[in-house]
>>> print(open('final34.cif').read())   # mmCIF, C-alpha atoms
data_final
loop_
_atom_site.group_PDB
_atom_site.id
_atom_site.type_symbol
_atom_site.label_atom_id
_atom_site.label_comp_id
_atom_site.auth_asym_id
_atom_site.auth_seq_id
_atom_site.Cartn_x
_atom_site.Cartn_y
_atom_site.Cartn_z
ATOM 1 C CA MET P 29 -87.216 53.575 -2.638
ATOM 2 C CA LYS P 30 -90.559 51.978 -2.016
ATOM 3 C CA ALA P 31 -90.653 48.295 -1.053
ATOM 4 C CA TRP P 32 -92.492 45.918 -3.364
ATOM 5 C CA SER P 33 -95.809 44.616 -2.174
ATOM 6 C CA LEU P 34 -96.508 40.929 -1.632
ATOM 7 C CA ARG P 35 -98.837 40.936 -4.658
ATOM 8 C CA THR P 36 -96.069 42.268 -6.948
ATOM 9 C CA LYS P 37 -93.549 39.757 -5.649
ATOM 10 C CA SER P 38 -95.913 36.814 -6.103
ATOM 11 C CA THR P 39 -96.898 38.000 -9.597
ATOM 12 C CA LEU P 40 -93.242 38.275 -10.644
ATOM 13 C CA LEU P 41 -92.545 34.836 -9.177
ATOM 14 C CA VAL P 42 -95.437 33.255 -11.114
ATOM 15 C CA VAL P 43 -94.428 34.995 -14.355
ATOM 16 C CA GLY P 44 -90.798 33.927 -13.909
ATOM 17 C CA LEU P 45 -91.648 30.295 -13.135
ATOM 18 C CA THR P 46 -94.102 30.120 -16.039
ATOM 19 C CA THR P 47 -91.558 31.578 -18.474
ATOM 20 C CA ALA P 48 -88.842 29.186 -17.295
ATOM 21 C CA SER P 49 -91.128 26.161 -17.522
ATOM 22 C CA ILE P 50 -92.292 27.104 -21.041
ATOM 23 C CA PHE P 51 -88.680 27.555 -22.161
ATOM 24 C CA LEU P 52 -87.678 24.198 -20.646
ATOM 25 C CA ALA P 53 -90.632 22.402 -22.248
ATOM 26 C CA SER P 54 -89.861 23.938 -25.646
ATOM 27 C CA THR P 55 -86.198 22.946 -25.408
ATOM 28 C CA LEU P 56 -87.053 19.372 -24.457
ATOM 29 C CA HIS P 57 -89.649 19.113 -27.218
ATOM 30 C CA HIS P 58 -87.123 20.374 -29.773
ATOM 31 C CA ARG P 59 -84.483 17.846 -28.674
ATOM 32 C CA PHE P 60 -86.916 14.909 -28.707
ATOM 33 C CA ALA P 61 -88.350 15.897 -32.097
ATOM 34 C CA LEU P 62 -84.872 16.266 -33.610
ATOM 35 C CA HIS P 63 -83.826 12.883 -32.214
ATOM 36 C CA ALA P 64 -86.970 11.232 -33.615
ATOM 37 C CA LEU P 65 -86.386 12.821 -37.029
ATOM 38 C CA LYS P 66 -82.776 11.595 -37.131
ATOM 39 C CA GLU P 67 -83.854 8.068 -36.220
ATOM 40 C CA GLU P 68 -86.549 8.083 -38.895
ATOM 41 C CA VAL P 69 -84.067 9.231 -41.550
ATOM 42 C CA ARG P 70 -81.581 6.535 -40.488
ATOM 43 C CA THR P 71 -84.289 3.870 -40.610
ATOM 44 C CA ARG P 72 -85.441 4.932 -44.071
ATOM 45 C CA ALA P 73 -81.847 5.083 -45.353
ATOM 46 C CA ALA P 74 -81.191 1.586 -44.037
ATOM 47 C CA TYR P 75 -84.366 0.366 -45.726
ATOM 48 C CA VAL P 76 -83.352 1.859 -49.083
ATOM 49 C CA ALA P 77 -79.833 0.427 -48.733
ATOM 50 C CA ALA P 78 -81.232 -3.011 -47.957
ATOM 51 C CA GLU P 79 -83.589 -2.747 -50.915
ATOM 52 C CA LEU P 80 -80.706 -1.911 -53.268
ATOM 53 C CA ALA P 81 -78.466 -4.580 -51.732
ATOM 54 C CA PHE P 82 -81.181 -7.200 -52.174
ATOM 55 C CA GLY P 83 -80.941 -6.730 -55.943
ATOM 56 C CA VAL P 84 -77.161 -7.282 -55.974
ATOM 57 C CA THR P 85 -76.229 -10.933 -55.571
ATOM 58 C CA THR P 86 -72.776 -11.220 -57.149
ATOM 59 C CA GLN P 87 -69.602 -9.158 -57.367
ATOM 60 C CA ALA P 88 -70.160 -8.773 -61.134
ATOM 61 C CA GLU P 89 -73.559 -7.160 -60.523
ATOM 62 C CA LEU P 90 -71.990 -4.815 -57.974
ATOM 63 C CA GLU P 91 -69.364 -3.709 -60.481
ATOM 64 C CA ASP P 92 -71.929 -3.197 -63.270
ATOM 65 C CA GLY P 93 -72.466 0.559 -63.044
ATOM 66 C CA VAL P 94 -75.188 0.557 -65.698
ATOM 67 C CA LEU P 95 -77.350 -1.961 -63.831
ATOM 68 C CA LEU P 96 -76.923 -0.073 -60.560
ATOM 69 C CA ALA P 97 -77.679 3.228 -62.291
ATOM 70 C CA VAL P 98 -80.992 1.774 -63.481
ATOM 71 C CA GLN P 99 -81.802 0.539 -59.971
ATOM 72 C CA ILE P 100 -80.881 3.942 -58.523
ATOM 73 C CA ARG P 101 -83.004 5.748 -61.110
ATOM 74 C CA ASN P 102 -85.984 3.494 -60.331
ATOM 75 C CA THR P 103 -85.543 3.972 -56.587
ATOM 76 C CA LEU P 104 -85.357 7.766 -56.950
ATOM 77 C CA ALA P 105 -88.465 7.730 -59.135
ATOM 78 C CA ALA P 106 -90.339 5.707 -56.500
ATOM 79 C CA ARG P 107 -89.117 7.895 -53.628
ATOM 80 C CA PRO P 108 -89.043 11.558 -54.671
ATOM 81 C CA THR P 109 -87.923 12.681 -51.194
ATOM 82 C CA LEU P 110 -84.458 11.162 -51.708
ATOM 83 C CA ARG P 111 -81.807 13.625 -52.865
ATOM 84 C CA TRP P 112 -79.138 11.222 -54.096
ATOM 85 C CA ILE P 113 -77.965 7.636 -53.834
ATOM 86 C CA GLU P 114 -74.391 6.440 -54.128
ATOM 87 C CA VAL P 115 -73.213 2.818 -54.131
ATOM 88 C CA TYR P 116 -69.702 1.977 -52.910
ATOM 89 C CA ALA P 117 -67.717 -1.253 -53.001
ATOM 90 C CA THR P 118 -64.980 -2.074 -50.526
ATOM 91 C CA ARG P 119 -61.537 -2.659 -51.971
ATOM 92 C CA PRO P 120 -58.146 -3.145 -50.327
ATOM 93 C CA GLY P 121 -57.314 0.499 -51.093
ATOM 94 C CA GLY P 122 -60.538 1.822 -49.582
ATOM 95 C CA LEU P 123 -63.960 2.638 -50.987
ATOM 96 C CA PHE P 124 -64.719 2.543 -54.704
ATOM 97 C CA ARG P 125 -67.740 4.405 -56.046
ATOM 98 C CA VAL P 126 -69.600 2.050 -58.342
ATOM 99 C CA ALA P 127 -72.703 4.104 -59.151
ATOM 100 C CA SER P 128 -74.209 7.423 -58.186
ATOM 101 C CA SER P 129 -77.369 9.345 -58.920
ATOM 102 C CA ILE P 130 -75.244 12.489 -59.263
ATOM 103 C CA GLU P 131 -72.483 11.051 -61.449
ATOM 104 C CA THR P 132 -72.717 7.639 -63.018
ATOM 105 C CA GLY P 133 -69.762 5.378 -63.593
ATOM 106 C CA GLY P 134 -67.278 3.603 -61.386
ATOM 107 C CA ARG P 135 -64.584 6.097 -60.593
ATOM 108 C CA PRO P 136 -62.196 5.259 -57.775
ATOM 109 C CA TYR P 137 -62.866 7.300 -54.688
ATOM 110 C CA ARG P 138 -60.047 8.262 -52.378
ATOM 111 C CA SER P 139 -59.350 5.767 -49.656
ATOM 112 C CA LEU P 140 -61.513 6.253 -46.577
ATOM 113 C CA PRO P 141 -61.109 4.595 -43.208
ATOM 114 C CA PRO P 142 -64.023 2.379 -42.162
ATOM 115 C CA GLY P 143 -66.925 4.337 -40.711
ATOM 116 C CA ARG P 144 -66.047 7.642 -42.424
ATOM 117 C CA SER P 145 -68.251 9.356 -44.986
ATOM 118 C CA PRO P 146 -66.981 10.885 -48.213
ATOM 119 C CA PRO P 147 -66.386 14.648 -48.021
ATOM 120 C CA GLY P 148 -69.525 16.690 -48.445
ATOM 121 C CA ARG P 149 -71.756 13.762 -47.509
ATOM 122 C CA PRO P 150 -73.409 13.266 -44.118
#
>>> encode(input="final34.cif", output="structure tokens")
Amino acid sequence: MKAWSLRTKSTLLVVGLTTASIFLASTLHHRFALHALKEEVRTRAAYVAAELAFGVTTQAELEDGVLLAVQIRNTLAARPTLRWIEVYATRPGGLFRVASSIETGGRPYRSLPPGRSPPGRP
């Protein structure tokens, strides 16, 4: 077996280091971009939630599914990138769905511990 020349060894070293550095840079870029996208989505969701909450000043308005459905419809019309909006009220038995862009009406939702999302929702 013939020994590799110094030129071949140095070429392989440069190619290997370049490939590794490109892979590392791509991985880091992907992680930072994904993190930035998640933060932007959270910020926009908080803004929409605050906008809807600003329109609700009393418990009676919160329980009025028709009024909330109109607000949800207007918000979805103004922001076509939103997929759905659901409004929940807290009750002693858990969360209670008051209005939804998917299904309107205030149907009781199964009790959820604080901080948990309904099934099928992020």
>>> atom_distance(input="final34.cif", atom1="CA of Ser129 in chain P", atom2="CA of Glu79 in chain P")
15.8 Å
>>> closest_residue(input="final34.cif", among="P:His57, P:Ala31, P:Gly44, P:Glu91", to="Phe124 in chain P", atoms="all atoms listed in the file")
P:Glu91
>>> residues_around(input="final34.cif", residues="Arg111 in chain P", least_positions_apart="5", cutoff="12 Å", atoms="only C-alpha atoms", output="VMD selection string")
chain P and resid 73 100 to 101 103 to 105 128 to 130 149
>>> atom_distance(input="final34.cif", atom1="CA of Arg119 in chain P", atom2="CA of Tyr75 in chain P")
23.9 Å
>>> closest_residue(input="final34.cif", among="P:Leu52, P:Leu62, P:Glu114, P:Thr46", to="Ala77 in chain P", atoms="all atoms listed in the file")
P:Glu114
>>> atom_distance(input="final34.cif", atom1="CA of Ala127 in chain P", atom2="CA of Leu96 in chain P")
6.1 Å
>>> residues_near_point(input="final34.cif", point="(-82.5, 11.4, -49.2)", cutoff="10 Å", atoms="only C-alpha atoms", output="VMD selection string")
chain P and resid 69 72 to 73 76 104 107 to 113
>>> residues_around(input="final34.cif", residues="Leu95 in chain P", least_positions_apart="3", cutoff="12 Å", atoms="all atoms listed in the file", output="list in words")
Leu80, Gly83, Val84, Ala88, Glu89, Leu90, Glu91, Asp92, Val98, Gln99, Ile100, Arg101, Asn102, Val115, Val126, Ala127, Ser128, Thr132, Gly133 and Gly134 of chain P
>>> build_atoms(input="final34.cif", residues="range 33-56 of chain P", atoms="N, CA, C and O atoms", output="compact mmCIF listing (two decimals), in the frame of the given file")
# COMPACT_ATOMS: atom_id res chain seq x y z
N SER P 33 -94.75 45.25 -2.95
CA SER P 33 -95.81 44.62 -2.17
C SER P 33 -95.76 43.10 -2.39
O SER P 33 -95.10 42.60 -3.30
N LEU P 34 -96.46 42.39 -1.53
CA LEU P 34 -96.51 40.93 -1.63
C LEU P 34 -97.16 40.51 -2.94
O LEU P 34 -96.74 39.53 -3.57
N ARG P 35 -98.16 41.25 -3.40
CA ARG P 35 -98.84 40.94 -4.66
C ARG P 35 -97.86 41.05 -5.84
O ARG P 35 -97.82 40.20 -6.72
N THR P 36 -97.05 42.08 -5.87
CA THR P 36 -96.07 42.27 -6.95
C THR P 36 -95.03 41.16 -6.94
O THR P 36 -94.68 40.61 -7.99
N LYS P 37 -94.54 40.83 -5.76
CA LYS P 37 -93.55 39.76 -5.65
C LYS P 37 -94.12 38.42 -6.12
O LYS P 37 -93.45 37.67 -6.85
N SER P 38 -95.33 38.09 -5.70
CA SER P 38 -95.91 36.81 -6.10
C SER P 38 -96.22 36.80 -7.61
O SER P 38 -96.05 35.77 -8.27
N THR P 39 -96.65 37.92 -8.16
CA THR P 39 -96.90 38.00 -9.60
C THR P 39 -95.61 37.79 -10.38
O THR P 39 -95.57 37.04 -11.37
N LEU P 40 -94.53 38.45 -9.97
CA LEU P 40 -93.24 38.28 -10.64
C LEU P 40 -92.74 36.84 -10.52
O LEU P 40 -92.16 36.28 -11.47
N LEU P 41 -92.96 36.23 -9.37
CA LEU P 41 -92.54 34.84 -9.18
C LEU P 41 -93.31 33.91 -10.12
O LEU P 41 -92.73 33.03 -10.77
N VAL P 42 -94.62 34.09 -10.23
CA VAL P 42 -95.44 33.26 -11.11
C VAL P 42 -95.03 33.47 -12.57
O VAL P 42 -94.88 32.50 -13.34
N VAL P 43 -94.84 34.70 -12.98
CA VAL P 43 -94.43 34.99 -14.36
C VAL P 43 -93.06 34.38 -14.64
O VAL P 43 -92.85 33.77 -15.69
N GLY P 44 -92.14 34.49 -13.72
CA GLY P 44 -90.80 33.93 -13.91
C GLY P 44 -90.82 32.41 -14.00
O GLY P 44 -90.18 31.82 -14.87
N LEU P 45 -91.56 31.76 -13.10
CA LEU P 45 -91.65 30.30 -13.14
C LEU P 45 -92.35 29.80 -14.40
O LEU P 45 -91.94 28.80 -15.00
N THR P 46 -93.38 30.50 -14.82
CA THR P 46 -94.10 30.12 -16.04
C THR P 46 -93.19 30.26 -17.26
O THR P 46 -93.14 29.37 -18.12
N THR P 47 -92.47 31.36 -17.35
CA THR P 47 -91.56 31.58 -18.47
C THR P 47 -90.47 30.51 -18.50
O THR P 47 -90.17 29.95 -19.56
N ALA P 48 -89.90 30.20 -17.36
CA ALA P 48 -88.84 29.19 -17.30
C ALA P 48 -89.38 27.81 -17.68
O ALA P 48 -88.71 27.06 -18.40
N SER P 49 -90.58 27.48 -17.20
CA SER P 49 -91.13 26.16 -17.52
C SER P 49 -91.49 26.05 -19.00
O SER P 49 -91.29 25.00 -19.62
N ILE P 50 -91.99 27.12 -19.61
CA ILE P 50 -92.29 27.10 -21.04
C ILE P 50 -91.01 26.96 -21.85
O ILE P 50 -90.94 26.19 -22.82
N PHE P 51 -89.96 27.66 -21.47
CA PHE P 51 -88.68 27.56 -22.16
C PHE P 51 -88.11 26.14 -22.04
O PHE P 51 -87.63 25.56 -23.02
N LEU P 52 -88.18 25.55 -20.85
CA LEU P 52 -87.68 24.20 -20.65
C LEU P 52 -88.48 23.18 -21.46
O LEU P 52 -87.90 22.30 -22.11
N ALA P 53 -89.80 23.32 -21.47
CA ALA P 53 -90.63 22.40 -22.25
C ALA P 53 -90.36 22.53 -23.75
O ALA P 53 -90.28 21.52 -24.46
N SER P 54 -90.17 23.74 -24.22
CA SER P 54 -89.86 23.94 -25.65
C SER P 54 -88.52 23.34 -26.01
O SER P 54 -88.36 22.71 -27.06
N THR P 55 -87.53 23.51 -25.16
CA THR P 55 -86.20 22.95 -25.41
C THR P 55 -86.25 21.43 -25.44
O THR P 55 -85.67 20.79 -26.33
N LEU P 56 -86.93 20.83 -24.48
CA LEU P 56 -87.05 19.37 -24.46
C LEU P 56 -87.81 18.85 -25.67
O LEU P 56 -87.43 17.85 -26.28
